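Structure below is protein_20.cif: mmCIF, C-alpha atoms.
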```
data_my_file
loop_
_atom_site.label_atom_id
_atom_site.label_comp_id
_atom_site.auth_asym_id
_atom_site.auth_seq_id
_atom_site.Cartn_x
_atom_site.Cartn_y
_atom_site.Cartn_z
CA MET A 6 -60.61 117.58 155.94
CA ARG A 7 -59.72 114.08 157.11
CA ARG A 8 -59.69 112.85 153.53
CA LEU A 9 -57.22 115.57 152.55
CA LEU A 10 -54.94 114.68 155.46
CA ASN A 11 -55.09 111.01 154.50
CA ILE A 12 -54.14 111.86 150.91
CA VAL A 13 -51.17 113.92 152.07
CA ALA A 14 -50.05 111.18 154.47
CA LEU A 15 -50.25 108.51 151.76
CA GLU A 16 -48.34 110.64 149.26
CA THR A 17 -45.64 111.23 151.86
CA THR A 18 -45.41 107.51 152.63
CA ILE A 19 -45.13 106.59 148.95
CA LYS A 20 -42.49 109.26 148.31
CA THR A 21 -40.47 108.16 151.33
CA PHE A 22 -40.41 104.53 150.22
CA GLU A 23 -39.47 105.52 146.68
CA ASP A 24 -36.75 107.93 147.84
CA LEU A 25 -35.24 105.31 150.14
CA ARG A 26 -35.37 102.77 147.31
CA MET A 27 -36.44 100.14 149.76
CA THR A 28 -36.77 96.66 148.36
CA GLY A 29 -38.35 93.52 149.63
CA SER A 30 -41.82 92.12 149.72
CA THR A 31 -42.97 94.13 152.75
CA ALA A 32 -41.88 97.47 151.27
CA TYR A 33 -43.45 96.53 147.94
CA LYS A 34 -46.76 95.57 149.58
CA MET A 35 -46.84 98.75 151.67
CA THR A 36 -46.14 100.91 148.62
CA LYS A 37 -48.72 99.09 146.50
CA ASN A 38 -51.37 99.27 149.23
CA SER A 39 -50.67 102.98 149.74
CA LYS A 40 -50.97 103.64 146.00
CA ASP A 41 -54.23 101.66 145.79
CA THR A 42 -55.68 103.52 148.76
CA LEU A 43 -54.55 106.85 147.32
CA LYS A 44 -56.21 105.99 144.02
CA HIS A 45 -59.42 105.20 145.90
CA LEU A 46 -59.33 108.41 147.96
CA THR A 47 -58.62 110.65 144.99
CA LYS A 48 -61.12 108.81 142.81
CA ASP A 49 -58.57 109.07 139.96
CA GLN A 50 -59.24 112.80 139.68
CA THR A 51 -56.76 115.33 138.38
CA THR A 52 -55.14 117.57 140.95
CA GLU A 53 -57.26 120.52 139.86
CA ASN A 54 -60.53 118.58 140.09
CA LEU A 55 -59.59 117.15 143.46
CA LEU A 56 -58.75 120.59 144.80
CA GLU A 57 -62.06 121.98 143.54
CA GLU A 58 -63.94 119.13 145.19
CA MET A 59 -62.11 119.63 148.50
CA MET A 60 -62.86 123.36 148.45
CA ARG A 61 -66.52 122.72 147.62
CA LEU A 62 -66.85 120.20 150.43
CA SER A 63 -65.18 122.49 152.93
CA GLN A 64 -67.78 125.19 152.25
CA THR A 65 -70.73 122.94 153.09
#
```

Could you express the structure from this file as structure tokens?
Amino acid sequence: MRRLLNIVALETTIKTFEDLRMTGSTAYKMTKNSKDTLKHLTKDQTTENLLEEMMRLSQT
């Protein structure tokens, strides 16, 4: 469950930065770090595969 919440939080952070069109090195680093962490958490899975994995893990 925590992993899912982290994924949602990271996606929200990335979207917020992109919507605000923030520039500068700090905003760039935060966006890049968030995207890298998101990639790690999702293990580069498709949305469908990730959802299946989350459902499977929640049943154990």

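Residues matched by the PyMOL selection byres ((chain A and resi 53-65) around 9) in this file are Met6, Arg8, Leu9, Thr47, Lys48, Asp49, Gln50, Thr51 and Thr52 of chain A.
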
message = as a PyMOL selection string, please: the residues near Met35 in chain A (cut-off 9 Å, only C-alpha atoms, same-chain neighbours under 6 positions excluded).
response = chain A and resi 18-19+22

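Closest approach to Thr21 in chain A from the set A:Arg7, A:Thr36, A:Leu46, A:Asp41 is made by A:Thr36, with distances taken over only C-alpha atoms.
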
All file atoms of range 49-65 of chain A boxed axis-aligned, 8 Å per side, centre plus edges, as JSON:
```
{"center_x": -62.9, "center_y": 117.1, "center_z": 145.7, "size_x": 31.6, "size_y": 32.1, "size_z": 30.7}
```

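CA of Thr31 in chain A sits 21.4 Å away from CA of Val13 in chain A.
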
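Distance-wise, CA of Leu43 in chain A and CA of Glu16 in chain A end up 7.5 Å apart.
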
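Going from CA of Lys20 in chain A to CA of Lys40 in chain A covers 10.4 Å.
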